[in-house]
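Okay, so here's the structure we're looking at.
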Amino acid sequence: MTTASASQTPASTPATSLYPDVDSELSATRRVIERVPDGKDEWRPHPKSRSLGELATHLAQLPGFGIVQLTTDEYDGANRRPSPQVANNAERLKMFDQVSAEFKRQLRELTWERANQPWSLKIKGKTIIQSPRAQILRTVYFMHSAHHRAQLGVYLRLLDIPVPAVYGDSADEMPVIAQADGAPR
């Protein structure tokens, strides 16, 4: 058995070592957003819930928050810009694609030094969270996005819209089972 020398393997970067799932996460998010029907943006499952349009747009713009985490050392939520207004889901997907491409570009440029530097989330100047940037990206971007993607999946189910497979099969799509047993679904 032989092993590759360090000169034969690509250099480890934060993007490849810490976030090898970035493409699959963004792809899964896009598949869920694709299902949002036009004309239902005001629908909400409960009076305390965000509307379908608010939630889908928030999810679509979240890679932009990842960009903020990659390009600044802190963010004060009190200075948050209003959510973008989109006319339809095609515009929402276009926004998602644009911010996702820039997020991936910025992530590829992340150095280990910068990944280990502290990043702070503040509200009106008060520090709410401060951790190394790499940890913040995992928690405040990736996990945050997965949380809202799951919420959006519930909204779709309540609207009787097929929910795409994400980490495995859904009740509507069974690519993993189909691959395993060869049976069409």
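Identifiers for the structure tokens are assigned positionally: chains receive A, B, ... in sequence, residues are indexed from 1 per chain, and ligands are indexed from 1 in the order shown.
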Distance query Phe142 (chain A) at most 12 Å, only C-alpha atoms, self and fewer than 2 positions along chain excluded, as an NGL selection string: :A and (18-26 or 28-29 or 59 or 62-67 or 69 or 103 or 134-140 or 144-149)
Within 6 Å of region 112-127 of chain A, counting only C-alpha atoms, which residues qualify if same-chain residues fewer than 5 places away don't, as a VMD selection string? chain A and resid 73 to 78 132 to 134
Spatial neighbours of region 42-55 of chain A, 12 Å, only C-alpha atoms, chain gap at least 4 places, as JSON, numbers by chain: {"A": [32, 33, 35, 36, 37, 38, 59, 60, 61, 62, 82, 83, 84, 85, 86, 87, 88, 89, 91, 92, 145, 147, 148, 149, 150, 151, 152, 153, 154, 155, 156, 157, 158, 159]}
Alpha helix (DSSP H) residues, from DSSP on the backbone, in region 38-180 of chain A, as a count of residues only: 71
Taking into account only C-alpha atoms, which residue in the set A:Glu34, A:Ser27, A:Ala56, A:Pro14 is nearest to Tyr167 (chain A)?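 Of all the options, A:Ser27 lies closest to Tyr167 (chain A).
Here CA of Val166 (chain A) stands at a distance of 8.3 Å from CA of Arg31 (chain A).
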Would you please extract all strand (DSSP E or B) residues from region 61-177 of chain A, as assigned by DSSP on the backbone, and give them as a PyMOL selection string? chain A and resi 74-76+118-123+126-132
